[in-house]
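S.K.: Structure file entry33.txt, compact mmCIF, C-alpha atoms and all ligand atoms, is pasted below:
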```txt
# COMPACT_ATOMS: atom_id res chain seq x y z
CA MET E 30 89.01 88.26 84.32
CA ASP E 31 85.59 89.25 85.57
CA ALA E 32 86.67 92.70 86.77
CA ARG E 33 83.17 93.67 87.89
CA ALA E 34 82.83 90.65 90.15
CA LEU E 35 86.31 91.18 91.60
CA THR E 36 85.55 94.87 92.21
CA GLU E 37 82.36 93.93 94.05
CA GLN E 38 84.36 91.47 96.13
CA VAL E 39 87.05 94.04 96.98
CA LEU E 40 84.57 96.75 97.98
CA LYS E 41 82.46 94.36 100.03
CA ARG E 42 85.58 93.22 101.88
CA CYS E 43 86.72 96.83 102.51
CA GLU E 44 83.33 97.31 104.15
CA LEU E 45 83.69 94.12 106.25
CA LEU E 46 87.21 95.06 107.39
CA SER E 47 86.01 98.55 108.36
CA HIS E 48 83.90 96.85 111.03
CA CYS E 49 87.04 95.31 112.56
CA THR E 50 87.62 98.34 114.72
CA ASP E 51 88.79 99.27 118.21
CA VAL E 52 86.23 102.11 118.42
CA PRO E 53 82.67 101.17 117.39
CA GLY E 54 81.28 103.47 114.72
CA GLN E 55 84.74 104.50 113.50
CA VAL E 56 87.51 102.90 111.45
CA HIS E 57 90.15 102.72 114.15
CA ARG E 58 92.45 99.74 113.90
CA VAL E 59 95.86 100.08 115.47
CA PHE E 60 98.73 97.62 115.35
CA LEU E 61 98.00 94.29 117.08
CA SER E 62 94.77 95.41 118.72
CA SER E 63 91.80 93.08 119.18
CA ALA E 64 90.36 94.60 115.99
CA THR E 65 93.50 93.42 114.20
CA ARG E 66 92.78 89.88 115.44
CA ALA E 67 89.35 90.06 113.81
CA ALA E 68 90.85 91.46 110.59
CA HIS E 69 93.38 88.61 110.54
CA ARG E 70 90.57 86.04 110.66
CA TYR E 71 88.98 87.55 107.55
CA LEU E 72 92.28 87.95 105.71
CA THR E 73 93.33 84.38 106.45
CA GLU E 74 90.03 83.06 105.14
CA TRP E 75 90.14 85.21 101.99
CA MET E 76 93.77 84.37 101.24
CA LYS E 77 93.10 80.64 101.64
CA ASP E 78 90.10 81.01 99.36
CA ALA E 79 92.42 82.55 96.73
CA GLY E 80 94.69 79.49 96.94
CA LEU E 81 97.44 81.21 98.92
CA GLU E 82 99.53 79.53 101.64
CA VAL E 83 98.86 81.77 104.63
CA ARG E 84 100.95 82.59 107.68
CA VAL E 85 101.30 85.42 110.18
CA ASP E 86 104.94 86.47 110.45
CA ALA E 87 106.92 87.63 113.49
CA ILE E 88 105.74 91.26 113.31
CA GLY E 89 102.11 90.29 112.67
CA ASN E 90 102.04 90.73 108.88
CA VAL E 91 99.56 88.37 107.20
CA ARG E 92 101.33 86.78 104.26
CA GLY E 93 99.82 84.71 101.49
CA LEU E 94 102.08 82.90 99.04
CA LYS E 95 101.36 81.32 95.67
CA ARG E 96 104.39 79.27 94.69
CA SER E 97 105.71 78.94 91.18
CA PRO E 98 106.97 75.49 90.12
CA ASN E 99 109.97 77.24 88.51
CA PRO E 100 113.10 76.22 90.52
CA ASN E 101 114.74 79.61 89.83
CA ALA E 102 111.68 81.62 90.82
CA ARG E 103 112.04 84.82 92.78
CA THR E 104 109.23 86.44 94.76
CA PHE E 105 107.09 89.32 93.58
CA ILE E 106 105.28 91.06 96.44
CA VAL E 107 101.93 92.85 96.18
CA ALA E 108 101.15 94.55 99.47
CA SER E 109 99.85 97.43 101.54
CA HIS E 110 98.89 97.94 105.18
CA ILE E 111 95.85 97.09 107.31
CA ASP E 112 96.34 99.42 110.28
CA SER E 113 94.53 102.76 110.27
CA VAL E 114 94.90 106.18 111.81
CA PRO E 115 92.42 106.95 114.62
CA ASN E 116 88.97 107.53 113.07
CA GLY E 117 90.42 106.89 109.62
CA GLY E 118 88.91 105.69 106.34
CA LYS E 119 87.93 102.32 104.88
CA TYR E 120 90.36 102.32 101.96
CA ASP E 121 93.76 103.64 103.06
CA GLY E 122 95.96 100.53 102.90
CA THR E 123 93.16 97.96 102.99
CA LEU E 124 92.18 98.65 99.36
CA GLY E 125 95.68 97.67 98.20
CA VAL E 126 95.71 94.51 100.32
CA LEU E 127 92.26 93.37 99.19
CA MET E 128 93.03 94.14 95.54
CA GLY E 129 96.20 92.06 95.91
CA ILE E 130 94.14 89.13 97.19
CA ALA E 131 91.60 89.62 94.38
CA LEU E 132 94.37 89.67 91.75
CA SER E 133 95.95 86.51 93.14
CA HIS E 134 92.76 84.67 92.09
CA LEU E 135 93.84 85.24 88.48
CA PHE E 136 96.92 83.02 88.69
CA LYS E 137 97.23 79.27 89.05
CA PRO E 138 100.59 78.12 90.46
CA GLU E 139 101.45 76.49 87.12
CA ASP E 140 100.96 79.91 85.38
CA LEU E 141 103.62 81.52 87.51
CA GLN E 142 107.24 82.03 86.47
CA HIS E 143 107.79 83.63 89.88
CA HIS E 144 106.24 83.28 93.33
CA LEU E 145 103.48 85.76 94.12
CA GLU E 146 103.23 86.93 97.71
CA ILE E 147 100.37 89.09 98.98
CA VAL E 148 101.21 90.88 102.23
CA ALA E 149 98.93 92.72 104.64
CA PHE E 150 101.42 94.82 106.60
CA SER E 151 100.48 94.97 110.26
CA GLU E 152 101.76 98.48 110.88
CA GLU E 153 102.45 101.47 108.65
CA GLU E 154 100.94 104.53 110.32
CA GLY E 155 103.09 104.62 113.47
CA VAL E 156 100.06 105.27 115.69
CA ARG E 157 100.60 102.81 118.53
CA PHE E 158 104.38 103.01 119.10
CA GLN E 159 105.11 106.29 117.30
CA GLN E 160 107.24 104.21 114.95
CA PRO E 161 105.87 103.82 111.42
CA PHE E 162 106.53 101.02 108.88
CA LEU E 163 107.10 98.22 111.41
CA GLY E 164 105.65 95.69 108.93
CA SER E 165 107.64 96.62 105.83
CA SER E 166 110.85 97.33 107.80
CA THR E 167 110.75 93.69 108.90
CA LEU E 168 110.64 92.42 105.31
CA ALA E 169 113.25 94.95 104.20
CA GLY E 170 115.61 93.94 107.03
CA SER E 171 115.73 97.46 108.46
CA PHE E 172 113.78 96.75 111.66
CA GLN E 173 115.82 98.16 114.56
CA ALA E 174 116.05 96.04 117.73
CA GLU E 175 115.81 99.21 119.88
CA TRP E 176 112.23 99.74 118.63
CA LEU E 177 111.22 96.74 120.78
CA LYS E 178 111.63 98.96 123.86
CA LYS E 179 109.20 101.60 122.55
CA LYS E 180 106.06 101.95 124.67
CA ASP E 181 102.44 102.51 123.69
CA ALA E 182 100.03 104.83 125.54
CA GLU E 183 99.43 102.06 128.14
CA HIS E 184 103.21 101.82 128.78
CA GLN E 185 103.34 98.37 127.20
CA THR E 186 106.50 97.83 125.17
CA LEU E 187 106.48 96.59 121.60
CA SER E 188 108.35 93.53 122.87
CA GLU E 189 105.58 92.73 125.42
CA THR E 190 102.90 93.40 122.80
CA LEU E 191 104.43 90.88 120.40
CA PHE E 192 104.76 88.31 123.18
CA ARG E 193 101.12 88.72 124.27
CA TRP E 194 100.05 88.17 120.66
CA GLY E 195 102.01 84.94 120.56
CA LEU E 196 104.65 86.33 118.20
CA ASP E 197 108.37 85.56 118.54
CA GLN E 198 110.45 88.73 118.35
CA ASN E 199 113.60 86.65 117.84
CA ARG E 200 112.24 85.66 114.45
CA ILE E 201 111.99 89.26 113.18
CA PRO E 202 115.49 89.25 111.59
CA ILE E 203 114.72 85.91 109.89
CA GLU E 204 111.71 87.42 108.09
CA ALA E 205 113.95 89.81 106.13
CA TYR E 206 114.31 89.25 102.40
CA GLU E 207 117.65 89.25 100.61
CA PRO E 208 117.53 91.43 97.47
CA ARG E 209 118.39 88.40 95.30
CA GLU E 210 115.25 86.59 96.50
CA LEU E 211 112.96 89.34 95.23
CA LEU E 212 111.70 90.24 91.77
CA GLY E 213 109.97 93.41 92.88
CA TYR E 214 107.29 95.06 95.00
CA PHE E 215 103.99 96.54 93.83
CA GLU E 216 101.53 98.56 95.89
CA ILE E 217 98.09 99.84 94.95
CA HIS E 218 96.96 102.75 97.13
CA ILE E 219 94.39 105.51 97.12
CA GLU E 220 96.02 108.74 95.99
CA GLN E 221 95.03 110.69 99.14
CA GLY E 222 95.41 113.87 97.09
CA PRO E 223 93.49 115.89 94.47
CA VAL E 224 95.56 115.35 91.29
CA LEU E 225 93.73 112.39 89.66
CA ALA E 226 90.32 113.87 90.50
CA GLU E 227 91.41 117.20 89.02
CA LYS E 228 92.60 115.45 85.82
CA GLY E 229 89.48 113.28 85.63
CA LEU E 230 91.53 110.07 85.74
CA PRO E 231 90.67 106.82 87.55
CA VAL E 232 94.29 105.74 88.10
CA GLY E 233 97.83 107.08 87.82
CA VAL E 234 101.24 105.42 87.74
CA VAL E 235 103.47 106.62 90.57
CA SER E 236 106.83 107.97 89.40
CA GLY E 237 108.37 107.98 92.86
CA ILE E 238 107.91 108.93 96.48
CA VAL E 239 109.14 112.41 97.28
CA GLY E 240 112.00 113.01 99.69
CA GLN E 241 111.27 115.04 102.77
CA SER E 242 113.14 117.55 104.95
CA ARG E 243 111.64 118.48 108.29
CA LEU E 244 113.05 121.52 110.07
CA ASN E 245 112.33 123.40 113.27
CA LEU E 246 113.08 127.12 113.20
CA THR E 247 113.09 129.43 116.21
CA PHE E 248 112.79 133.20 115.79
CA LEU E 249 114.14 135.05 118.84
CA GLY E 250 112.87 138.58 119.54
CA LYS E 251 112.30 140.58 122.69
CA ALA E 252 109.12 140.75 124.76
CA GLY E 253 107.66 144.19 125.41
CA HIS E 254 104.47 145.92 126.42
CA ALA E 255 102.02 146.10 123.51
CA GLY E 256 100.96 149.59 124.55
CA THR E 257 104.17 151.28 125.62
CA THR E 258 106.74 150.00 123.06
CA PRO E 259 106.75 152.22 119.94
CA MET E 260 106.68 150.33 116.63
CA PRO E 261 110.25 151.25 115.51
CA MET E 262 111.66 150.03 118.84
CA ARG E 263 110.21 146.50 118.68
CA LEU E 264 111.96 143.19 118.14
CA ASP E 265 108.86 141.16 117.29
CA ALA E 266 109.62 137.47 116.70
CA LEU E 267 106.17 136.79 115.22
CA THR E 268 106.21 139.43 112.48
CA GLY E 269 109.61 138.06 111.44
CA ALA E 270 108.22 134.53 111.39
CA ALA E 271 105.16 135.72 109.43
CA GLU E 272 107.39 137.27 106.78
CA PHE E 273 109.26 133.98 106.54
CA ILE E 274 106.03 131.94 106.20
CA SER E 275 104.93 134.06 103.21
CA CYS E 276 108.37 133.61 101.75
CA VAL E 277 108.05 129.79 102.06
CA GLU E 278 104.77 129.85 100.16
CA ASN E 279 106.15 132.07 97.39
CA HIS E 280 109.26 129.96 97.04
CA ALA E 281 107.26 126.73 96.68
CA LEU E 282 104.79 128.35 94.26
CA GLY E 283 107.72 129.36 92.09
CA THR E 284 109.42 125.94 92.09
CA PRO E 285 107.68 123.22 90.02
CA GLY E 286 107.17 120.02 92.01
CA LEU E 287 108.13 121.57 95.34
CA VAL E 288 105.74 121.54 98.29
CA ALA E 289 106.63 123.40 101.48
CA THR E 290 104.48 123.76 104.56
CA VAL E 291 104.67 125.57 107.88
CA GLY E 292 102.13 123.49 109.79
CA LYS E 293 102.93 124.26 113.40
CA VAL E 294 103.60 127.58 115.10
CA GLU E 295 104.23 128.16 118.80
CA VAL E 296 104.30 131.73 120.04
CA LYS E 297 105.73 132.80 123.39
CA PRO E 298 104.37 134.23 125.55
CA ASN E 299 101.23 134.01 123.32
CA THR E 300 99.47 136.82 125.13
CA SER E 301 97.39 139.52 123.45
CA ASN E 302 99.13 142.49 125.08
CA VAL E 303 102.77 141.30 124.93
CA ILE E 304 105.06 141.57 121.89
CA PRO E 305 106.02 137.98 120.92
CA GLU E 306 109.45 137.09 122.24
CA GLN E 307 109.91 133.70 120.62
CA VAL E 308 108.30 131.80 117.75
CA GLN E 309 109.00 128.17 116.99
CA LEU E 310 107.76 126.84 113.69
CA SER E 311 107.94 123.62 111.71
CA LEU E 312 108.93 123.54 108.07
CA ASP E 313 108.18 120.52 105.86
CA VAL E 314 109.80 120.53 102.40
CA ARG E 315 109.24 117.78 99.80
CA HIS E 316 110.34 117.14 96.21
CA LEU E 317 110.89 114.09 94.02
CA SER E 318 114.40 115.41 93.27
CA ASP E 319 116.64 115.31 96.35
CA GLU E 320 118.87 117.94 94.76
CA LYS E 321 115.97 120.38 94.29
CA ARG E 322 114.67 119.69 97.82
CA LEU E 323 118.05 120.27 99.46
CA SER E 324 118.68 123.45 97.51
CA ALA E 325 115.19 124.72 98.46
CA VAL E 326 116.02 124.08 102.13
CA GLN E 327 119.29 126.02 101.78
CA GLU E 328 117.56 128.93 100.03
CA LEU E 329 114.78 129.07 102.62
CA LEU E 330 117.30 129.07 105.46
CA HIS E 331 119.14 131.88 103.69
CA GLU E 332 115.86 133.84 103.44
CA ALA E 333 115.23 133.28 107.15
CA HIS E 334 118.69 134.65 107.95
CA MET E 335 118.10 137.71 105.76
CA ILE E 336 114.76 138.40 107.44
CA THR E 337 116.11 138.03 110.97
CA GLN E 338 119.22 140.13 110.22
CA LYS E 339 117.10 142.91 108.77
CA ARG E 340 114.86 142.81 111.85
CA HIS E 341 117.74 142.45 114.35
CA ILE E 342 116.23 139.30 115.81
CA GLY E 343 117.85 135.90 116.37
CA LEU E 344 117.40 132.61 114.51
CA GLN E 345 118.07 128.99 115.40
CA HIS E 346 117.29 125.91 113.35
CA GLU E 347 117.53 122.13 113.50
CA LEU E 348 116.84 119.41 110.94
CA PRO E 349 115.28 116.34 112.58
CA LEU E 350 114.42 114.56 109.31
CA ASP E 351 116.18 114.32 105.97
CA GLN E 352 114.66 111.49 103.97
CA LYS E 353 115.70 110.68 100.43
CA ALA E 354 113.24 110.30 97.57
CA VAL E 355 112.50 106.87 96.12
CA ILE E 356 112.22 106.58 92.35
CA CYS E 357 109.97 103.82 90.99
CA GLU E 358 111.67 101.27 88.78
CA ASP E 359 111.69 102.25 85.07
CA ARG E 360 110.74 98.91 83.54
CA HIS E 361 107.88 98.28 85.96
CA MET E 362 106.65 101.84 85.41
CA GLU E 363 106.74 101.25 81.64
CA LEU E 364 104.77 98.01 82.07
CA LEU E 365 102.18 99.82 84.18
CA LEU E 366 101.87 102.59 81.59
CA ASP E 367 101.51 99.95 78.85
CA ALA E 368 98.80 98.31 80.95
CA CYS E 369 96.96 101.65 81.19
CA LYS E 370 97.13 101.99 77.40
CA PHE E 371 95.97 98.38 76.96
CA CYS E 372 92.94 99.19 79.14
CA GLY E 373 92.15 102.33 77.11
CA LEU E 374 93.28 104.72 79.81
CA PRO E 375 95.61 107.73 79.53
CA GLU E 376 99.23 107.03 80.48
CA PHE E 377 99.61 109.41 83.38
CA THR E 378 102.36 109.53 86.00
CA LEU E 379 102.48 111.45 89.25
CA PRO E 380 104.77 111.52 92.29
CA SER E 381 103.56 110.42 95.70
CA GLY E 382 103.77 113.24 98.22
CA ALA E 383 103.08 110.85 101.10
CA GLY E 384 105.25 108.04 102.43
CA HIS E 385 104.21 104.43 101.76
CA ASP E 386 105.50 100.93 102.52
CA ALA E 387 106.94 100.96 98.97
CA MET E 388 109.45 103.54 100.20
CA VAL E 389 110.79 101.07 102.78
CA MET E 390 110.69 98.08 100.43
CA ALA E 391 112.83 100.07 97.95
CA GLN E 392 115.73 99.31 100.33
CA VAL E 393 115.68 95.69 99.09
CA THR E 394 113.94 95.59 95.72
CA ASP E 395 112.53 97.49 92.74
CA VAL E 396 109.23 99.10 93.62
CA SER E 397 106.23 100.33 91.66
CA MET E 398 102.90 101.80 92.68
CA LEU E 399 99.49 102.52 91.19
CA PHE E 400 97.28 105.26 92.63
CA VAL E 401 93.50 105.09 92.58
CA ARG E 402 91.60 108.40 92.44
CA SER E 403 90.53 109.82 95.83
CA PRO E 404 87.22 111.65 95.31
CA ASN E 405 87.37 115.03 97.10
CA ALA E 406 91.00 114.19 98.00
CA ILE E 407 89.81 113.15 101.44
CA SER E 408 91.87 110.57 103.32
CA HIS E 409 92.66 109.58 106.92
CA HIS E 410 89.05 110.58 107.52
CA PRO E 411 85.66 108.78 107.74
CA ASP E 412 84.60 110.39 104.43
CA GLU E 413 87.47 108.71 102.57
CA THR E 414 86.00 106.91 99.56
CA VAL E 415 86.65 105.32 96.16
CA GLN E 416 84.51 104.89 93.05
CA PHE E 417 83.49 101.47 91.76
CA GLU E 418 84.69 102.22 88.19
CA ASP E 419 88.08 103.41 89.47
CA VAL E 420 88.68 100.23 91.46
CA GLU E 421 87.58 98.22 88.42
CA ALA E 422 90.03 100.15 86.21
CA ALA E 423 92.83 99.64 88.76
CA LEU E 424 92.12 95.89 88.84
CA LYS E 425 92.28 95.67 85.04
CA VAL E 426 95.52 97.66 84.85
CA SER E 427 97.13 95.72 87.71
CA GLY E 428 95.95 92.37 86.30
CA HIS E 429 97.55 93.16 82.94
CA PHE E 430 100.72 94.38 84.67
CA LEU E 431 101.04 91.23 86.81
CA ASN E 432 100.46 89.08 83.72
CA GLN E 433 103.50 90.68 82.10
CA ILE E 434 105.62 90.25 85.22
CA LEU E 435 104.63 86.81 86.44
CA ARG E 436 103.65 84.61 83.51
ZN ZN I 501 98.27 104.14 103.55
```
Render the structure in this file as structure tokens.
M.R.:
Amino acid sequence: MDARALTEQVLKRCELLSHCTDVPGQVHRVFLSSATRAAHRYLTEWMKDAGLEVRVDAIGNVRGLKRSPNPNARTFIVASHIDSVPNGGKYDGTLGVLMGIALSHLFKPEDLQHHLEIVAFSEEEGVRFQQPFLGSSTLAGSFQAEWLKKKDAEHQTLSETLFRWGLDQNRIPIEAYEPRELLGYFEIHIEQGPVLAEKGLPVGVVSGIVGQSRLNLTFLGKAGHAGTTPMPMRLDALTGAAEFISCVENHALGTPGLVATVGKVEVKPNTSNVIPEQVQLSLDVRHLSDEKRLSAVQELLHEAHMITQKRHIGLQHELPLDQKAVICEDRHMELLLDACKFCGLPEFTLPSGAGHDAMVMAQVTDVSMLFVRSPNAISHHPDETVQFEDVEAALKVSGHFLNQILR
């Protein structure tokens, strides 16, 4: 393969797609917006040019298929998403889609033991309807009919949005794959984190997508005058919460692979001369091992109880999200690591701390992922970038990997 030429093509197309935007001067492309229509025109043209049969499915995914002549062929999917966060970057999602299209150029139908399908998922970020993974949930058969009633900021339902686009919501269940029809799912994505840059590596093989617990904790103290209440007589909810936040950091620092974040704090009454009565905070805990994540959550809740007991303040908690980790398939991971070695690159694995469509597709098939280095670890931001040599390396590794899987 002419990896340089394909890299040039991919990067040029990332640039072109970045101009399909709802907000001029920014990369801002939400699900089924007019910018998406423009992106679909490009994708359709590029997929056809790669010899793929192209169609837009019932949830607005653009799907390009290269059929194998083998009567027992299953389908191997290479995909990522084409929606963006508001004022996002040029490469999140789109890089994986455009690399998939570039890689499909390498295979003639008669080369293929299995069908190759390149998918540009219409929706992953959850921006428009506050419901992420609409595209991949449709293929995985986990799309929930009640989501059709969800409304966007203009009070238009998902159902109405699909209708206005000319899509038939009744066909959504038909788009779902049966596990037996699939050979696997592969996604190339920018890392969106600092690990590969820190290690000086262009690419890394993803070992899995971490599970996530999201909790809300409320510390309940007693309001009082900041001048007249002596220190020993206070029931300060915020100092209790602060002690807990330090404890979260220490716990995660002492547990390999664990990340834990308090990202949101609400103080009541939030006034400079009143002792805080109530503090609500969020706690996000992630680990590739569900067992380690769940035990960390239990230990942190225990710590919170100890702190509040000692301080004679109250504690409430709820757990709105408990999402299991997804482990990438062993054999596909091995093939990706072999491909790295074949290309003269170190065989390096890392977990994904962020959710991806691969996580949803794991409900129906074996998944694997390759991360491309994110310089400066910046993502979901206009400064998001990739390096030419890294994309070239990722194309070589992925090309070798697909050769092993499909030929
Ligand atoms: Zn993404």
S.K.: Residues within 9 Å of ligand ZN 501 (chain I), counting all atoms listed in the file: report them as a list of chain:residue names.
M.R.: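 For ligand ZN 501 (chain I), the residues inside 9 Å are E:Ser109, E:His110, E:Ile111, E:Asp112, E:Ser113, E:Tyr120, E:Asp121, E:Gly122, E:Thr123, E:Gly125, E:Glu153, E:Glu154, E:His218, E:Ile219, E:Gln221, E:Ala383, E:Gly384, E:His385, E:Asp386, E:His409.
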S.K.: Could those selected residues go to a file with C-alpha atoms, as a CSV table (one decimal), in the frame of the given file?
M.R.:
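Listing of out24.csv after writing:
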```csv
chain,number,residue,atom,x,y,z
E,109,SER,CA,99.8,97.4,101.5
E,110,HIS,CA,98.9,97.9,105.2
E,111,ILE,CA,95.8,97.1,107.3
E,112,ASP,CA,96.3,99.4,110.3
E,113,SER,CA,94.5,102.8,110.3
E,120,TYR,CA,90.4,102.3,102.0
E,121,ASP,CA,93.8,103.6,103.1
E,122,GLY,CA,96.0,100.5,102.9
E,123,THR,CA,93.2,98.0,103.0
E,125,GLY,CA,95.7,97.7,98.2
E,153,GLU,CA,102.4,101.5,108.6
E,154,GLU,CA,100.9,104.5,110.3
E,218,HIS,CA,97.0,102.8,97.1
E,219,ILE,CA,94.4,105.5,97.1
E,221,GLN,CA,95.0,110.7,99.1
E,383,ALA,CA,103.1,110.8,101.1
E,384,GLY,CA,105.2,108.0,102.4
E,385,HIS,CA,104.2,104.4,101.8
E,386,ASP,CA,105.5,100.9,102.5
E,409,HIS,CA,92.7,109.6,106.9
```
S.K.: Given the point (115.8, 133.2, 106.0) in the coordinates of this file, which residues lie within 10 Å, counting only C-alpha atoms, and how would they look as an MDAnalysis selection string?
M.R.: chainID E and resid 246 269:270 272:274 276:277 326:338 344
S.K.: Near Val91 (chain E), within 8 Å and counting all atoms listed in the file, which residues show up once chain neighbours fewer than 6 positions away are dropped, as a PyMOL selection string?
M.R.: chain E and resi 69+72-73+83-85+148-151
S.K.: For Val426 (chain E), work out the shell of residues within 7 Å, counting only C-alpha atoms and skipping chain neighbours fewer than 3 positions away, then give it as a ChimeraX atom specification.
M.R.: /E:368-369,372,422-423,429-430
S.K.: In Å, with one decimal, what is the gap from CA of Val234 (chain E) to CA of Thr414 (chain E)?
M.R.: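 Between CA of Val234 (chain E) and CA of Thr414 (chain E) the gap works out to 19.3 Å.
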S.K.: Which of these, E:Gln159, E:Gln38, E:Ser311, E:Thr268, has the shortest distance to Gly250 (chain E) once you count all atoms listed in the file?
M.R.: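 Comparing E:Gln159, E:Gln38, E:Ser311, E:Thr268 against Gly250 (chain E), the winner is E:Thr268.
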S.K.: Please compute the CA of Lys180 (chain E)-CA of Trp194 (chain E) distance, one decimal, in Å.
M.R.: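 Those two atoms sit 15.6 Å apart.
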S.K.: What's the separation between CA of Glu37 (chain E) and CA of Leu431 (chain E), in Å to one decimal place?
M.R.: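 Straight-line distance from CA of Glu37 (chain E) to CA of Leu431 (chain E) works out to 20.2 Å.
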S.K.: Could the residues of region 313-349 of chain E that have an atom at most 12 Å from region 282-301 of chain E be listed as JSON lines, each with its closest atom pair and the distance in Å to one decimal, counting all atoms listed in the file and ordered by chain and ascending residue number?
M.R.:
```
{"residue": "E:Asp313", "atom": "CA", "partner": "E:Thr290", "partner_atom": "CA", "distance": 5.1}
{"residue": "E:Val314", "atom": "CA", "partner": "E:Ala289", "partner_atom": "CA", "distance": 4.4}
{"residue": "E:Arg315", "atom": "CA", "partner": "E:Val288", "partner_atom": "CA", "distance": 5.4}
{"residue": "E:His316", "atom": "CA", "partner": "E:Leu287", "partner_atom": "CA", "distance": 5.0}
{"residue": "E:Leu317", "atom": "CA", "partner": "E:Gly286", "partner_atom": "CA", "distance": 7.3}
{"residue": "E:Ser318", "atom": "CA", "partner": "E:Gly286", "partner_atom": "CA", "distance": 8.7}
{"residue": "E:Asp319", "atom": "CA", "partner": "E:Leu287", "partner_atom": "CA", "distance": 10.6}
{"residue": "E:Glu320", "atom": "CA", "partner": "E:Leu287", "partner_atom": "CA", "distance": 11.4}
{"residue": "E:Lys321", "atom": "CA", "partner": "E:Leu287", "partner_atom": "CA", "distance": 8.0}
{"residue": "E:Arg322", "atom": "CA", "partner": "E:Leu287", "partner_atom": "CA", "distance": 7.2}
{"residue": "E:Leu323", "atom": "CA", "partner": "E:Leu287", "partner_atom": "CA", "distance": 10.8}
{"residue": "E:Ser324", "atom": "CA", "partner": "E:Leu287", "partner_atom": "CA", "distance": 10.9}
{"residue": "E:Ala325", "atom": "CA", "partner": "E:Leu287", "partner_atom": "CA", "distance": 8.3}
{"residue": "E:Val326", "atom": "CA", "partner": "E:Ala289", "partner_atom": "CA", "distance": 9.4}
{"residue": "E:Glu328", "atom": "CA", "partner": "E:Thr284", "partner_atom": "CA", "distance": 11.8}
{"residue": "E:Leu329", "atom": "CA", "partner": "E:Ala289", "partner_atom": "CA", "distance": 10.0}
```
S.K.: Considering only C-alpha atoms, can you say which of E:Ala391, E:Ile201, E:Leu187, E:Leu141 comes closest to Ala354 (chain E)?
M.R.: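 Between E:Ala391, E:Ile201, E:Leu187, E:Leu141, the residue approaching Ala354 (chain E) most closely is E:Ala391.
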S.K.: Excluding same-chain residues fewer than 2 positions from Val224 (chain E), what lies within 12 Å of it counting all atoms listed in the file, as JSON, numbers by chain?
M.R.: {"E": [219, 220, 221, 222, 226, 227, 228, 229, 230, 231, 232, 233, 234, 235, 377, 378, 379, 380, 381, 382, 400, 401, 402, 403, 404, 405, 406, 407]}
S.K.: For region 43-48 of chain E, list every protein, DNA or RNA residue within 9 Å, evaluated using only C-alpha atoms, and leave out those in the same chain fewer than 5 positions away; present the list as a ChimeraX atom specification.
M.R.: /E:38,53-58,64,67-68,71-72,111,118-120,123-124,127
S.K.: For Arg193 (chain E), which of E:Ser397, E:Glu418, E:Trp75, E:Ser62 is the closest residue, counting all atoms listed in the file?
M.R.: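 Using all atoms listed in the file, Arg193 (chain E) sits closest to E:Ser62.
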S.K.: Determine the nearest neighbour of Gln433 (chain E) from the options E:Leu310, E:Leu364, E:Arg33, E:Pro261, counting all atoms listed in the file.
M.R.: E:Leu364
S.K.: Of the residues E:Ala169, E:Leu249, E:Ile106, E:Val156, which is the one nearest to Val59 (chain E), using only C-alpha atoms?
M.R.: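 Smallest distance to Val59 (chain E) is found for E:Val156.
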S.K.: Have a look at E:Met388, E:Thr50, E:His361, E:Met398 and name the one nearest to Pro161 (chain E); count all atoms listed in the file.
M.R.: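 Comparing E:Met388, E:Thr50, E:His361, E:Met398 against Pro161 (chain E), the winner is E:Met388.
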S.K.: Show me the residues close to (107.9, 94.0, 123.3) - anything with an atom within 9 Å, counting all atoms listed in the file - and format the list as a list in words.
M.R.: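 So the residues meeting the distance criterion are Trp176, Leu177, Lys178, Lys179, Lys180, Gln185, Thr186, Leu187, Ser188, Glu189, Thr190, Leu191, Phe192, Arg193 and Gln198 of chain E.
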S.K.: Give me the residues near region 304-307 of chain E as a short mmCIF file (atom, residue, chain, number, x, y, z; two decimals) with C-alpha atoms, in the coordinates of the input, where near means some atom within 8 Å (using only C-alpha atoms) and where sequence neighbours in that chain fewer than 6 positions away do not count.
M.R.:
```
data_model
loop_
_atom_site.label_atom_id
_atom_site.label_comp_id
_atom_site.auth_asym_id
_atom_site.auth_seq_id
_atom_site.Cartn_x
_atom_site.Cartn_y
_atom_site.Cartn_z
CA THR E 247 113.09 129.43 116.21
CA PHE E 248 112.79 133.20 115.79
CA LEU E 249 114.14 135.05 118.84
CA GLY E 250 112.87 138.58 119.54
CA LYS E 251 112.30 140.58 122.69
CA ALA E 252 109.12 140.75 124.76
CA GLY E 253 107.66 144.19 125.41
CA HIS E 254 104.47 145.92 126.42
CA ALA E 255 102.02 146.10 123.51
CA ARG E 263 110.21 146.50 118.68
CA LEU E 264 111.96 143.19 118.14
CA ASP E 265 108.86 141.16 117.29
CA ALA E 266 109.62 137.47 116.70
CA LEU E 267 106.17 136.79 115.22
CA VAL E 296 104.30 131.73 120.04
CA LYS E 297 105.73 132.80 123.39
CA PRO E 298 104.37 134.23 125.55
#
```
